[in-house]
Every structure is written in C-alpha cells, then in structure tokens.
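Participant: Dropping in my_file-v1.txt, with compact mmCIF, C-alpha atoms and all ligand atoms.
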# COMPACT_ATOMS: atom_id res chain seq x y z
CA MET A 1251 18.37 -11.72 16.00
CA GLU A 1252 20.13 -14.67 14.38
CA LEU A 1253 18.65 -16.05 11.17
CA LYS A 1254 18.52 -19.58 12.54
CA GLU A 1255 16.13 -18.42 15.27
CA LEU A 1256 13.56 -17.50 12.64
CA PHE A 1257 13.44 -20.79 10.73
CA ASN A 1258 12.03 -24.17 11.69
CA SER A 1259 10.63 -27.32 10.13
CA SER A 1260 7.30 -25.65 9.29
CA ASN A 1261 8.59 -22.64 7.34
CA VAL A 1262 11.28 -24.41 5.30
CA LYS A 1263 10.49 -26.46 2.18
CA LEU A 1264 13.39 -28.03 0.32
CA ALA A 1265 11.36 -29.22 -2.64
CA LEU A 1266 9.12 -26.49 -3.97
CA GLY A 1267 6.79 -27.85 -6.62
CA SER A 1268 5.64 -24.69 -8.42
CA GLU A 1269 6.67 -23.87 -11.96
CA GLU A 1270 5.67 -20.19 -12.19
CA LYS A 1271 6.69 -17.08 -10.26
CA ASP A 1272 3.20 -16.44 -8.86
CA ASP A 1273 2.82 -20.04 -7.78
CA VAL A 1274 6.18 -19.97 -6.01
CA LEU A 1275 5.02 -16.88 -4.10
CA LEU A 1276 1.81 -18.68 -3.12
CA GLU A 1277 3.71 -21.79 -2.11
CA LEU A 1278 6.03 -19.74 0.10
CA ILE A 1279 3.08 -17.85 1.63
CA SER A 1280 1.43 -21.19 2.37
CA LEU A 1281 4.31 -21.94 4.74
CA LEU A 1282 3.26 -19.04 6.99
CA LYS A 1283 0.70 -19.53 9.73
CA LEU A 1284 -1.92 -17.12 8.41
CA ASP A 1285 -5.58 -17.48 7.55
CA GLU A 1286 -6.68 -17.70 3.92
CA LYS A 1287 -7.78 -14.08 3.60
CA ALA A 1288 -4.51 -12.83 5.04
CA LYS A 1289 -2.56 -15.05 2.61
CA GLU A 1290 -4.55 -13.67 -0.29
CA MET A 1291 -3.88 -10.07 0.77
CA LEU A 1292 -0.23 -10.77 1.31
CA PHE A 1293 0.08 -12.26 -2.16
CA LYS A 1294 -1.38 -9.11 -3.70
CA MET A 1295 1.02 -6.92 -1.74
CA LEU A 1296 4.06 -9.04 -2.68
CA LYS A 1297 3.03 -8.80 -6.33
CA LYS A 1298 2.87 -5.01 -6.11
CA ARG A 1299 6.32 -5.03 -4.57
CA GLU A 1300 7.64 -7.25 -7.38
CA ASN A 1301 6.31 -4.71 -9.90
CA LEU A 1302 8.78 -2.11 -8.60
CA GLY A 1303 11.68 -4.37 -9.50
CA SER A 1304 12.09 -8.11 -9.13
CA THR A 1305 13.36 -9.36 -5.79
CA GLY A 1306 15.33 -11.93 -7.76
CA ILE A 1307 18.81 -10.65 -6.86
CA GLY A 1308 20.61 -13.07 -9.16
CA LYS A 1309 22.83 -16.15 -8.77
CA GLY A 1310 19.71 -18.21 -8.14
CA PHE A 1311 18.41 -16.19 -5.19
CA ALA A 1312 15.12 -14.37 -4.72
CA ILE A 1313 14.03 -12.57 -1.58
CA PRO A 1314 10.39 -11.54 -1.91
CA HIS A 1315 9.54 -9.16 0.93
CA CYS A 1316 7.09 -6.53 2.15
CA ARG A 1317 5.58 -4.91 5.15
CA SER A 1318 1.88 -5.58 5.63
CA LEU A 1319 -0.92 -5.00 8.10
CA VAL A 1320 -1.97 -8.63 7.75
CA VAL A 1321 0.88 -9.85 9.94
CA ASP A 1322 1.52 -8.86 13.52
CA LYS A 1323 5.07 -10.15 13.74
CA LEU A 1324 8.02 -10.85 11.46
CA ASN A 1325 7.28 -13.91 9.30
CA VAL A 1326 9.82 -15.74 7.17
CA ALA A 1327 9.98 -18.82 4.97
CA PHE A 1328 12.61 -20.56 2.86
CA GLY A 1329 12.08 -22.68 -0.22
CA ARG A 1330 14.38 -24.47 -2.64
CA HIS A 1331 13.50 -25.37 -6.20
CA THR A 1332 15.89 -27.82 -7.79
CA LYS A 1333 15.19 -26.98 -11.40
CA GLY A 1334 14.71 -23.25 -10.90
CA VAL A 1335 11.89 -20.88 -11.77
CA ASP A 1336 11.90 -17.76 -13.93
CA PHE A 1337 11.61 -14.89 -11.42
CA ASN A 1338 12.59 -11.98 -13.70
CA SER A 1339 15.86 -11.91 -11.80
CA ILE A 1340 18.48 -9.22 -12.37
CA ASP A 1341 20.82 -11.65 -14.14
CA GLY A 1342 18.00 -13.18 -16.19
CA LYS A 1343 18.68 -16.62 -14.72
CA PRO A 1344 16.13 -18.83 -12.98
CA ALA A 1345 15.83 -18.65 -9.19
CA ASN A 1346 16.33 -21.76 -7.07
CA TYR A 1347 16.50 -20.40 -3.52
CA PHE A 1348 13.74 -18.26 -2.07
CA PHE A 1349 13.55 -16.35 1.16
CA LEU A 1350 10.18 -14.80 1.99
CA ILE A 1351 10.24 -12.00 4.55
CA VAL A 1352 7.11 -10.25 5.75
CA ALA A 1353 6.89 -7.74 8.57
CA PRO A 1354 4.16 -5.67 10.21
CA PRO A 1355 4.17 -1.89 9.62
CA VAL A 1356 6.01 -1.25 12.85
CA GLU A 1357 7.76 -3.61 15.16
CA ILE A 1358 9.16 -2.61 18.49
CA SER A 1359 12.36 -4.50 17.75
CA ASN A 1360 12.50 -3.34 14.11
CA TYR A 1361 14.04 -6.52 12.74
CA TYR A 1362 12.77 -6.17 9.19
CA LEU A 1363 15.62 -4.37 7.41
CA PRO A 1364 18.39 -5.99 9.50
CA VAL A 1365 16.95 -9.46 8.79
CA LEU A 1366 16.66 -8.64 5.09
CA GLY A 1367 20.28 -7.48 5.19
CA LYS A 1368 21.42 -10.69 6.89
CA VAL A 1369 19.59 -12.82 4.35
CA ALA A 1370 21.14 -10.84 1.48
CA GLN A 1371 24.53 -11.32 3.11
CA PHE A 1372 23.91 -15.05 3.55
CA CYS A 1373 23.11 -15.30 -0.18
CA LYS A 1374 26.53 -13.84 -0.97
CA SER A 1375 28.56 -16.15 1.26
CA THR A 1376 31.21 -18.41 -0.26
CA ASP A 1377 30.07 -21.59 -2.02
CA ILE A 1378 26.58 -21.02 -0.68
CA THR A 1379 24.68 -22.44 -3.66
CA ALA A 1380 26.70 -25.66 -3.61
CA LYS A 1381 25.94 -25.99 0.10
CA LEU A 1382 22.24 -25.27 -0.41
CA ASP A 1383 22.08 -27.84 -3.22
CA LYS A 1384 23.45 -30.51 -0.91
CA LEU A 1385 20.85 -30.04 1.84
CA GLU A 1386 18.82 -33.15 2.46
CA LYS A 1387 16.69 -32.17 5.40
CA VAL A 1388 15.49 -29.04 7.16
CA GLU A 1389 17.99 -29.55 9.99
CA ASP A 1390 20.83 -29.26 7.44
CA PHE A 1391 19.47 -25.88 6.42
CA LEU A 1392 19.28 -24.71 10.03
CA ALA A 1393 22.85 -25.90 10.58
CA LEU A 1394 23.97 -23.98 7.50
CA LEU A 1395 22.34 -20.81 8.83
CA GLU A 1396 24.12 -21.32 12.12
CA GLU A 1397 27.43 -21.86 10.38
CA ALA A 1398 26.94 -18.70 8.33
CA GLY A 1399 26.10 -16.74 11.45
CA ASN A 1400 29.46 -17.55 13.05
CA MET B 105 -13.06 -10.81 -7.00
CA GLN B 106 -14.19 -7.62 -5.30
CA ASP B 107 -12.52 -7.08 -1.98
CA ASN B 108 -14.46 -5.51 0.81
CA GLN B 109 -13.77 -1.88 1.61
CA LEU B 110 -11.89 -2.52 4.83
CA ARG B 111 -9.47 -4.88 3.09
CA LEU B 112 -8.99 -2.30 0.36
CA LEU B 113 -8.14 0.29 3.01
CA MET B 114 -5.63 -2.09 4.54
CA PHE B 115 -4.10 -2.69 1.13
CA LEU B 116 -3.98 1.07 0.53
CA GLN B 117 -2.21 1.65 3.83
CA ASP B 118 0.34 -1.06 2.96
CA LEU B 119 0.97 0.58 -0.41
CA LEU B 120 1.30 4.05 1.11
CA MET B 121 3.83 2.62 3.54
CA LEU B 122 5.79 1.14 0.65
CA LYS B 123 5.60 4.48 -1.17
CA LYS B 124 7.06 6.20 1.88
CA GLU B 125 9.93 3.69 1.91
CA MET B 126 10.57 4.27 -1.79
CA GLU B 127 10.75 8.01 -1.18
CA ASP B 128 13.30 7.60 1.58
CA PHE B 129 16.66 7.92 -0.10
CA GLN B 130 18.49 6.15 2.72
CA VAL B 131 16.13 3.18 2.75
CA VAL B 132 16.32 2.83 -1.04
CA GLU B 133 20.10 2.93 -0.80
CA LYS B 134 20.01 0.13 1.78
CA TYR B 135 17.85 -1.99 -0.52
CA GLU B 136 20.21 -1.36 -3.40
CA GLU B 137 23.21 -2.32 -1.30
CA MET B 138 21.44 -5.60 -0.55
CA GLY B 139 21.22 -6.20 -4.28
CA PHE B 140 17.63 -5.21 -5.06
CA ASP B 141 16.86 -3.42 -8.26
CA LEU B 142 14.22 -0.72 -7.68
CA GLU B 143 14.29 0.63 -11.17
CA LYS B 144 10.52 0.85 -11.43
CA LYS B 145 9.80 2.22 -7.97
CA GLU B 146 7.52 4.95 -9.28
CA LYS B 147 5.09 2.19 -10.28
CA ILE B 148 3.84 2.36 -6.71
CA GLU B 149 1.72 5.37 -7.72
CA GLU B 150 -0.10 3.24 -10.25
CA ALA B 151 -0.88 0.60 -7.61
CA ILE B 152 -2.19 3.28 -5.25
CA ARG B 153 -4.44 4.75 -7.94
CA GLU B 154 -5.76 1.31 -8.77
CA VAL B 155 -6.80 0.61 -5.18
CA THR B 156 -8.10 4.12 -4.56
CA GLY B 157 -10.31 3.77 -7.62
CA GLN B 158 -12.13 0.87 -5.97
CA LEU B 159 -12.81 2.74 -2.75
CA ASP B 160 -16.09 4.31 -1.75
CA ALA B 161 -15.62 8.07 -2.29
CA GLU B 162 -16.80 9.13 1.15
CA LEU B 163 -14.71 6.47 2.82
CA HIS B 164 -11.63 7.53 0.86
CA HIS B 165 -12.24 11.12 1.93
CA ARG B 166 -12.46 10.04 5.59
CA PHE B 167 -9.28 7.97 5.15
CA GLN B 168 -7.40 10.98 3.80
CA MET B 169 -8.62 13.21 6.61
CA ILE B 170 -7.28 10.73 9.16
CA ALA B 171 -4.08 10.27 7.12
CA ASN B 172 -3.47 14.01 7.42
CA LYS B 173 -3.38 13.57 11.16
CA TYR B 174 -1.70 10.19 11.60
CA ASP B 175 0.95 8.25 9.75
CA ARG B 176 -1.19 5.14 9.77
CA PRO B 177 -4.92 5.82 9.61
CA LEU B 178 -5.84 2.19 10.34
CA ALA B 179 -5.34 0.65 13.74
CA PRO B 180 -5.88 -2.91 14.94
CA VAL B 181 -8.21 -3.63 17.85
CA LYS B 182 -6.91 -6.25 20.25
CA ASN B 183 -8.72 -7.22 23.44
CA GLY B 184 -10.99 -4.22 23.03
CA ILE B 185 -8.09 -1.78 22.86
CA CYS B 186 -7.36 0.52 19.92
CA TYR B 187 -3.68 0.04 19.10
CA GLY B 188 -3.59 3.50 17.59
CA CYS B 189 -4.25 5.41 20.80
CA PHE B 190 -4.34 2.58 23.39
CA VAL B 191 -7.76 3.49 24.75
CA SER B 192 -10.10 0.63 25.56
CA ALA B 193 -13.60 0.07 24.16
CA PRO B 194 -12.70 2.19 21.15
CA THR B 195 -15.62 1.67 18.79
CA GLY B 196 -17.38 4.95 18.27
CA SER B 197 -18.98 5.95 15.00
CA GLU B 198 -19.38 3.77 11.97
CA LEU B 199 -19.81 4.38 8.30
CA ILE B 200 -21.81 2.09 6.06
CA THR B 201 -20.52 2.29 2.53
CA GLN B 202 -22.64 2.05 -0.60
CA ARG B 203 -21.62 -1.58 -0.82
CA LYS B 204 -22.93 -2.09 2.73
CA ASP B 205 -19.51 -2.60 4.29
CA VAL B 206 -19.47 -1.41 7.88
CA ILE B 207 -16.39 0.60 8.78
CA GLU B 208 -15.78 1.38 12.44
CA PHE B 209 -13.85 4.30 13.84
CA CYS B 210 -12.16 4.73 17.19
CA ASN B 211 -14.17 6.93 19.50
CA HIS B 212 -11.04 8.44 20.95
CA CYS B 213 -8.56 9.00 18.11
CA GLY B 214 -10.84 8.58 15.08
CA ARG B 215 -8.69 5.93 13.38
CA ILE B 216 -10.32 3.25 11.25
CA LEU B 217 -10.39 -0.01 13.17
CA TYR B 218 -9.75 -3.56 12.01
CA GLN B 219 -9.64 -6.86 13.85
CA PRO B 220 -6.48 -8.81 13.07
CA GLY B 221 -7.36 -12.40 12.39
CA THR B 222 -10.85 -11.65 11.03
CA LEU B 223 -10.04 -10.20 7.68
ZN ZN A 1501 -7.93 5.02 18.98
As a first step, turn the structure in this file into structure tokens.

Facilitator:
Amino acid sequence: MELKELFNSSNVKLALGSEEKDDVLLELISLLKLDEKAKEMLFKMLKKRENLGSTGIGKGFAIPHCRSLVVDKLNVAFGRHTKGVDFNSIDGKPANYFFLIVAPPVEISNYYLPVLGKVAQFCKSTDITAKLDKLEKVEDFLALLEEAGN
Amino acid sequence: MQDNQLRLLMFLQDLLMLKKEMEDFQVVEKYEEMGFDLEKKEKIEEAIREVTGQLDAELHHRFQMIANKYDRPLAPVKNGICYGCFVSAPTGSELITQRKDVIEFCNHCGRILYQPGTL
C-alpha cells in the first residue's frame, strides 16, 4: 500500500483554520466520510489516545491515530496549518502538518501499523517541511507522496 | 451529553483494544521507533474506568462474560449476518437497560450486535 493511494482531494486540506488542538482534531475528522455520531465517537477515542502521550512527534508533525469500531476500513486525512497549533508535541513546538489515521479493529490486509510507519518515515525525509510549506494545491501533495515513495 | 449504552460499549471495546496494544511490548516498541511518546500509557486504565462507570451494571456483567470468551465482544451486523460468527439472521435475545436502551445479542455466538452506520 503506497501512501499516495490513500489520499485524494477530499481528505487533504492545505489550509486548516482551527486554532486549538481539539478543533484541529475535529477539522481533520470532518475530512472523513463518516456520519455525525461516528465522528463524535472517533473524536472521543482520539482524545483518549492523546492522553497517553501526544501524537505530536516534533518538528511540526502530528500523527493522531487510533483503531475504532466506528470505521470499517482504513481512513486517513492530511491537514496543513501555516501558523501552527500547540499540540503538546514532544519538542514543545507548534504542529503544522497533521496526518490522521484511523483503522477498524481488524483488517484483513492489516495496513494500520505499516501505514503509520510509512507516514512517520515520510515526516523524517529530507527537507520535507520546506517541501510541504511550498505546496499550493492538493495535487502537489499527492506528487510529493509519490516522490517520497520512490 | 449522555451516550447511549451501545455506544458506550463500543467505546469500551475500543479502549480495551488500545489497552491490549499498550500491553504488547513489541507494538509499543514499534510506536516508539516511529517517534511516539507513550509515557502515560497507563492512563488507559482511567479511561476504561470512566466508561465502565457509565454502563448499566447488568449490561457490563454480560459484556465481561462475553469478553471472557471472545477477544471482541461486539460484532457488527451487515446484511443480516453477524460478523462475529458469520451466521445469518443473528438477532436472538435482547436486554433492555434501565435507561431503556435495547441491546441485541447474536443468537448463535452470543456477541453484542451493532449496526455500522446507525450509531
Ligand atoms: Zn454471532
């Protein structure tokens, strides 16, 4: 499973508008095709996961993630926040780039941890923040994922 | 807002799943390699207690009985099939909680049933 296969124009938002951690989570969840109740339940689960240790891994990246019964397949979203939002990240710095990853309890293909690993790897690639800052449209982001996958 | 009992059960199952992950040394190591800090992973217990405290006592008892038998006590129903045991027309007994929530159980395997998409 290549990362670029998971993203499209509906689950990528290059100008997140939220100013608080919770609102960023909600804004990311809103990019998923789920009904309102499912979104609400997912938010609560992601919050519980954040309580175990922030998913803000530093250098401007945060990767909120969880498994939940409310989804029946792997769901992802990407958001960029130009100014940055306090996400209680490991390095204490604001987060600008957010990957949301949500998986059902069991998947036949079991993509969850490998996809999380690939995203974490992507976040560590050379000059990645400069490249992410330059993105102007969703297609640029997809191209960047493709480039990173090669 | 008070969630209904079925949603609380779903939340509980999600949390128990997360607890299991946090108890798996190899999984935790993978997360740490990815760069995640799981310093407060024992906080999961607190979350589980919080949700359990909102559950109907009899329903929680039934949940635990099923959890002793199966990893995941809740199963989705899709097209009339229980995705826990894959037997069709699964609805058997039901339990009406004190808050009047109706909880349905699979006739065949006894798992608690939920309909994805109608939460
Ligand atoms: Zn069944």

Participant: Which residues are near ligand ZN 1501 (chain A) in this structure, taking near to mean any atom at most 7 Å from a ligand atom and counting all atoms listed in the file? Format them as a VMD selection string.

Facilitator: chain B and resid 186 to 191 194 210 to 215

Participant: Using all atoms listed in the file, what does the table of chain B residues within 6 Å of chain A look like, with each row giving the shortest atom pair and its distance in Å to one decimal, sorted by chain and ascending number, as a tab-separated table?

Facilitator:
residue	atom	partner	partner_atom	distance
B:Asp118	CA	A:Ser1318	CA	5.5
B:Met138	CA	A:Ala1370	CA	5.6
B:Gly139	CA	A:Ile1307	CA	5.7
B:Phe140	CA	A:Ile1307	CA	5.9
B:Asp141	CA	A:Gly1303	CA	5.4
B:Leu142	CA	A:Gly1303	CA	4.8
B:Glu143	CA	A:Gly1303	CA	5.9
B:Lys144	CA	A:Leu1302	CA	4.4
B:Lys145	CA	A:Leu1302	CA	4.5
B:Lys147	CA	A:Leu1302	CA	5.9

Participant: Suppose you want the space between atom CA of Arg203 of chain B and atom CA of Lys173 of chain B; what is it in Å?

Facilitator: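 Separating atom CA of Arg203 of chain B from atom CA of Lys173 of chain B is a distance of 26.6 Å.
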
Participant: What is the atom CA of Leu163 of chain B to atom CA of Leu199 of chain B distance in Å?

Facilitator: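 Calculated distance between atom CA of Leu163 of chain B and atom CA of Leu199 of chain B is 7.8 Å.
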
Participant: From the options A:Lys1309, A:His1331, A:Lys1271, A:Lys1323, which residue's atoms come nearest to Thr1379 of chain A, counting all atoms listed in the file?

Facilitator: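 Under the stated criterion, the closest residue is A:Lys1309.
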